[in-house]
Each structure stands twice: as structure tokens, then as C-alpha cells.
Amino acid sequence: MELGNILNYEFVQRAFIAGIFIAAIASILGVFLVLRRFSLIGDGLAHITFGSVAVVMLIGISPAYITLAALPLVMVSSLAILKLTQSRIIQGDAAIGIVSSIGIATGIILISLSKGYNIDLFSYLFGNILTVTQVELILSFIVFLIVVATVIIFYDDLLAVTFDEELARTMGVKTKRINTILFLLTAIAAVLAMKVAGIMLVSAMLILPPLTALQLSFSFRMTIFSSVLFSVLSVIFGLVLAFLLNIPAGGTIVLLNIGFLLFVFGAKKILPSKR
């Protein structure tokens with residue numbers, strides 16, 4: 001079947017639209033996370049998402065609402081990571097490791113209670129963007145609007161906290177509020193991204209596009225725009241290649257992100273030598 005014909009299907013249209021929104025969400029938040037050295041939070045929240053999905057599947061919630069049902073658990077876990085980090089007793093990466101370990105261990109136990117793996121769980125582990133529901137599409141659009149509005153409204157505060165949290169606090173910035181908003185939005189992004197790249201590759205969508213954009217040495221605003229551009233292009237071309245080559249979309253999207261990063265790295269090394 002030709003690509004043009006495939007695009008006539010509603011589930012394919014949902015995949016492209018939701019993928020673009022989710023890519024934009026992850027890449028915007030990823031810029032702040034990477035610069036604050038919280039890159040691993042995506043991996044940690046992905047493990048927590050695994051446990052949360054196992055919980056809601058064991059309860060017997062309809063597959064159409066699993067994403068919505070898993071959100072509260074992941075959001076609470078993100079706040080737990082933030083609380084542990086702010087306590088100064090445990091370092092950020094250790095806090096992420098503790099909470100994510102609880103999530104993955106809980107998931108494994110619940111899977112064993114539910115008689116092992118099933119097809120639905122595998123789609124969450126490795127991604128299946130073609131199964132995006134109307135509810136998830138609407139949710140991704142709403143979250144996209146919230147993320148964009150948050151960045152616009154709190155841009156100066158986010159910028160200050162990103163580069164020097166202690167200085168921002170002395171300047172009167174409500175750093176706790178900013179951190180809470182950032183972590184909660186990242187938790188939502190992690191849950192949404194599992195449909196695109198799968199739980200195993202969620203962190204890649206949060207890390208790779210921002211890393212690529214940061215290599216270009218643009219202004220902070222342009223870095224955010226560039227991150228979104230790389231992320232959205234990887235989703236569009238990744239889905240197209242997945243259809244044409246009959247390969248998994250999630251892995252293809254992540255490999256394209258890696259390709260963009262390597263291309264930019266290579267260009268940076270070649271261009272200066274020609275001056």
C-alpha cells in the first residue's frame with residue numbers, strides 16, 4: 001500500500017498529529033532538563049511508568065484509558081524525586097534511581113501476578129504510535145498548550161533557575177514552584193512519549209533533540225525552537241520510514257534523532273576547518 005493511501009486512515013492521522021505534539025512537548029522540556037543535568041529523569045520516570053501501567057492493567061482498566069489512569073501515579077512519583085532531591089540528603093541521580101527502582105520492581109511483581117507479559121504491555125514497552133486513541137490525541141494537544149503557555153509565562157523564571165538556581169532564589173524567584181511545574185510536566189511527557197518511542201526509549205525523546213540543538217550555539221529561545229524542529233522532523237520522517245520499510249516506528253524515530261545529533265557534530269568539526 002502506498003503512503004498516500006495509508007494517510008487516509010484515521011489511526012494513521014492520529015499517529016502523526018499526536019506524535020508531533022508529543023515530540024514538541026518532550027523537546028521543550030528536555031532543553032531545561034539537559035541544562036540542569038536532570039537528563040536521567042526521563043529514564044527514571046519511564047521505569048515508574050512501567051510500574052504504573054502494570055498497576056492499571058492489573059486493575060482491568062480499559063486500554064483506551066490506561067494513559068490517563070497511569071498519569072497520577074507517575075506525577076506523584078516525579079514529586080517524590082523532587083522532594084528527595086531538595087532534601088540534599090540524596091543527590092539527584094540517586095533520587096531518580098531509588099524511585100525508578102521502586103517502579104520497575106513493582107511492575108515486575110504485578111506482571112507475575114497477572115500471569116506474565118501480554119501484547120498490550122509489549123506495545124507500551126517498545127512503543128506503538130499507531131494505537132494512539134482519540135483521548136490520548138486530545139490529551140497531547142492540551143498538554144502541548146499547557147507546556148507552551150508555561151514557558152511563555154514563566155520564561156524568565158525558568159531561565160534563571162536553569163542556569164543558577166541559588167542565584168534565582170536570592171533574586172526572589174519561587175524556585176520550588178518552578179521545579180514542581182517542570183517535574184510534573186516532565187512526568188506527563190514521559191507517559192505520553194511511551195506511545196511514541198516506548199517505555200524503553202522515553203528518555204531519548206527528552207535528551208537527544210535538546211542535545212542536538214545545544215550544539216548549534218544559538219540563543220536560548222532559538223535552542224528551544226531548534227530542539228522542537230529536530231524532534232518533530234524525527235517523528236514525521238520516522239513514521240514515513242516505518243511505513244515504507246515496515247519497521248518499528250519508535251526505534252526509527254530515536255535513530256533519526258541520533259542521526260541528527262551525529263550530523264550536527266560532524267558539521268561542527270568540518271565547517272571551522274574550511275574558514
# chains A, B, ... in the order shown; residues from 1 in each chain; ligands from 1
$ select_by_dssp --residues "stretch 173-265 of chain A" --states "alpha helix (DSSP H)" --output "PyMOL selection string"
chain A and resi 175-196+202-214+220-245+249-265
$ write_last_selection --atoms "C-alpha atoms" --output "PDB file, in the first residue's frame"
ATOM      1  CA  THR A 175      12.190  28.088  42.640  1.00  0.00           C
ATOM      2  CA  LYS A 176      10.112  25.417  44.384  1.00  0.00           C
ATOM      3  CA  ARG A 177       7.085  26.314  42.285  1.00  0.00           C
ATOM      4  CA  ILE A 178       9.121  26.322  39.074  1.00  0.00           C
ATOM      5  CA  ASN A 179      10.708  22.953  39.920  1.00  0.00           C
ATOM      6  CA  THR A 180       7.332  21.437  40.768  1.00  0.00           C
ATOM      7  CA  ILE A 181       5.811  22.597  37.484  1.00  0.00           C
ATOM      8  CA  LEU A 182       8.801  21.320  35.497  1.00  0.00           C
ATOM      9  CA  PHE A 183       8.797  17.884  37.138  1.00  0.00           C
ATOM     10  CA  LEU A 184       5.025  17.439  36.811  1.00  0.00           C
ATOM     11  CA  LEU A 185       5.083  18.371  33.120  1.00  0.00           C
ATOM     12  CA  THR A 186       8.025  16.015  32.563  1.00  0.00           C
ATOM     13  CA  ALA A 187       6.048  13.196  34.197  1.00  0.00           C
ATOM     14  CA  ILE A 188       3.154  13.828  31.797  1.00  0.00           C
ATOM     15  CA  ALA A 189       5.572  13.972  28.859  1.00  0.00           C
ATOM     16  CA  ALA A 190       7.108  10.627  29.873  1.00  0.00           C
ATOM     17  CA  VAL A 191       3.699   8.941  29.980  1.00  0.00           C
ATOM     18  CA  LEU A 192       2.691  10.363  26.589  1.00  0.00           C
ATOM     19  CA  ALA A 193       6.047   9.538  24.980  1.00  0.00           C
ATOM     20  CA  MET A 194       5.729   5.837  25.829  1.00  0.00           C
ATOM     21  CA  LYS A 195       3.229   5.508  22.975  1.00  0.00           C
ATOM     22  CA  VAL A 196       5.676   7.076  20.525  1.00  0.00           C
ATOM     23  CA  VAL A 202      11.311   7.620  26.521  1.00  0.00           C
ATOM     24  CA  SER A 203      14.491   9.287  27.775  1.00  0.00           C
ATOM     25  CA  ALA A 204      15.806   9.512  24.203  1.00  0.00           C
ATOM     26  CA  MET A 205      12.961  11.838  23.217  1.00  0.00           C
ATOM     27  CA  LEU A 206      13.747  14.097  26.170  1.00  0.00           C
ATOM     28  CA  ILE A 207      17.526  14.133  25.690  1.00  0.00           C
ATOM     29  CA  LEU A 208      18.530  13.809  22.018  1.00  0.00           C
ATOM     30  CA  PRO A 209      16.725  16.772  20.365  1.00  0.00           C
ATOM     31  CA  PRO A 210      17.886  19.271  23.040  1.00  0.00           C
ATOM     32  CA  LEU A 211      21.455  17.941  22.835  1.00  0.00           C
ATOM     33  CA  THR A 212      21.413  18.402  19.072  1.00  0.00           C
ATOM     34  CA  ALA A 213      20.031  21.939  19.344  1.00  0.00           C
ATOM     35  CA  LEU A 214      22.572  22.903  22.015  1.00  0.00           C
ATOM     36  CA  PHE A 220      18.180  30.167  24.410  1.00  0.00           C
ATOM     37  CA  ARG A 221      14.898  30.804  22.569  1.00  0.00           C
ATOM     38  CA  MET A 222      16.342  29.564  19.282  1.00  0.00           C
ATOM     39  CA  THR A 223      17.703  26.491  21.065  1.00  0.00           C
ATOM     40  CA  ILE A 224      14.160  25.618  22.176  1.00  0.00           C
ATOM     41  CA  PHE A 225      12.800  26.153  18.654  1.00  0.00           C
ATOM     42  CA  SER A 226      15.633  24.089  17.138  1.00  0.00           C
ATOM     43  CA  SER A 227      15.033  21.289  19.631  1.00  0.00           C
ATOM     44  CA  VAL A 228      11.357  21.187  18.677  1.00  0.00           C
ATOM     45  CA  LEU A 229      12.259  21.208  14.970  1.00  0.00           C
ATOM     46  CA  PHE A 230      14.668  18.268  15.258  1.00  0.00           C
ATOM     47  CA  SER A 231      12.191  16.313  17.372  1.00  0.00           C
ATOM     48  CA  VAL A 232       9.196  16.927  15.080  1.00  0.00           C
ATOM     49  CA  LEU A 233      11.196  16.091  11.945  1.00  0.00           C
ATOM     50  CA  SER A 234      12.364  12.829  13.512  1.00  0.00           C
ATOM     51  CA  VAL A 235       8.759  11.835  14.231  1.00  0.00           C
ATOM     52  CA  ILE A 236       7.489  12.738  10.738  1.00  0.00           C
ATOM     53  CA  PHE A 237      10.322  11.072   8.834  1.00  0.00           C
ATOM     54  CA  GLY A 238      10.455   8.219  11.335  1.00  0.00           C
ATOM     55  CA  LEU A 239       6.805   7.362  10.742  1.00  0.00           C
ATOM     56  CA  VAL A 240       7.231   7.627   6.978  1.00  0.00           C
ATOM     57  CA  LEU A 241      10.262   5.309   7.008  1.00  0.00           C
ATOM     58  CA  ALA A 242       8.484   2.912   9.358  1.00  0.00           C
ATOM     59  CA  PHE A 243       5.624   2.588   6.890  1.00  0.00           C
ATOM     60  CA  LEU A 244       7.831   2.293   3.808  1.00  0.00           C
ATOM     61  CA  LEU A 245      10.292  -0.203   5.320  1.00  0.00           C
ATOM     62  CA  ALA A 249       8.309   3.456  14.398  1.00  0.00           C
ATOM     63  CA  GLY A 250       9.677   4.061  17.906  1.00  0.00           C
ATOM     64  CA  GLY A 251      13.160   2.771  17.180  1.00  0.00           C
ATOM     65  CA  THR A 252      13.224   4.546  13.824  1.00  0.00           C
ATOM     66  CA  ILE A 253      12.334   7.888  15.425  1.00  0.00           C
ATOM     67  CA  VAL A 254      15.091   7.535  18.019  1.00  0.00           C
ATOM     68  CA  LEU A 255      17.689   6.517  15.409  1.00  0.00           C
ATOM     69  CA  LEU A 256      16.792   9.570  13.332  1.00  0.00           C
ATOM     70  CA  ASN A 257      17.329  11.734  16.413  1.00  0.00           C
ATOM     71  CA  ILE A 258      20.749  10.143  16.826  1.00  0.00           C
ATOM     72  CA  GLY A 259      21.388  10.753  13.126  1.00  0.00           C
ATOM     73  CA  PHE A 260      20.589  14.461  13.517  1.00  0.00           C
ATOM     74  CA  LEU A 261      22.938  14.661  16.507  1.00  0.00           C
ATOM     75  CA  LEU A 262      25.799  12.974  14.647  1.00  0.00           C
ATOM     76  CA  PHE A 263      25.204  15.163  11.592  1.00  0.00           C
ATOM     77  CA  VAL A 264      25.436  18.340  13.672  1.00  0.00           C
ATOM     78  CA  PHE A 265      28.545  17.047  15.463  1.00  0.00           C
TER      79      PHE A 265
END
$ residues_around --residues "stretch 131-144 of chain A" --least-positions-apart "2" --cutoff "7 Å" --atoms "only C-alpha atoms" --output "PyMOL selection string"
chain A and resi 14-15+18+21-22+25+64+128-129+146-148+195
$ closest_residue --among "A:Glu10, A:Gln215, A:Ala24, A:Thr49" --to "A:Thr67" --atoms "only C-alpha atoms"
A:Thr49
$ atom_distance --atom1 "atom CA of A:Gly107" --atom2 "atom CA of A:Ala23"
25.9 Å
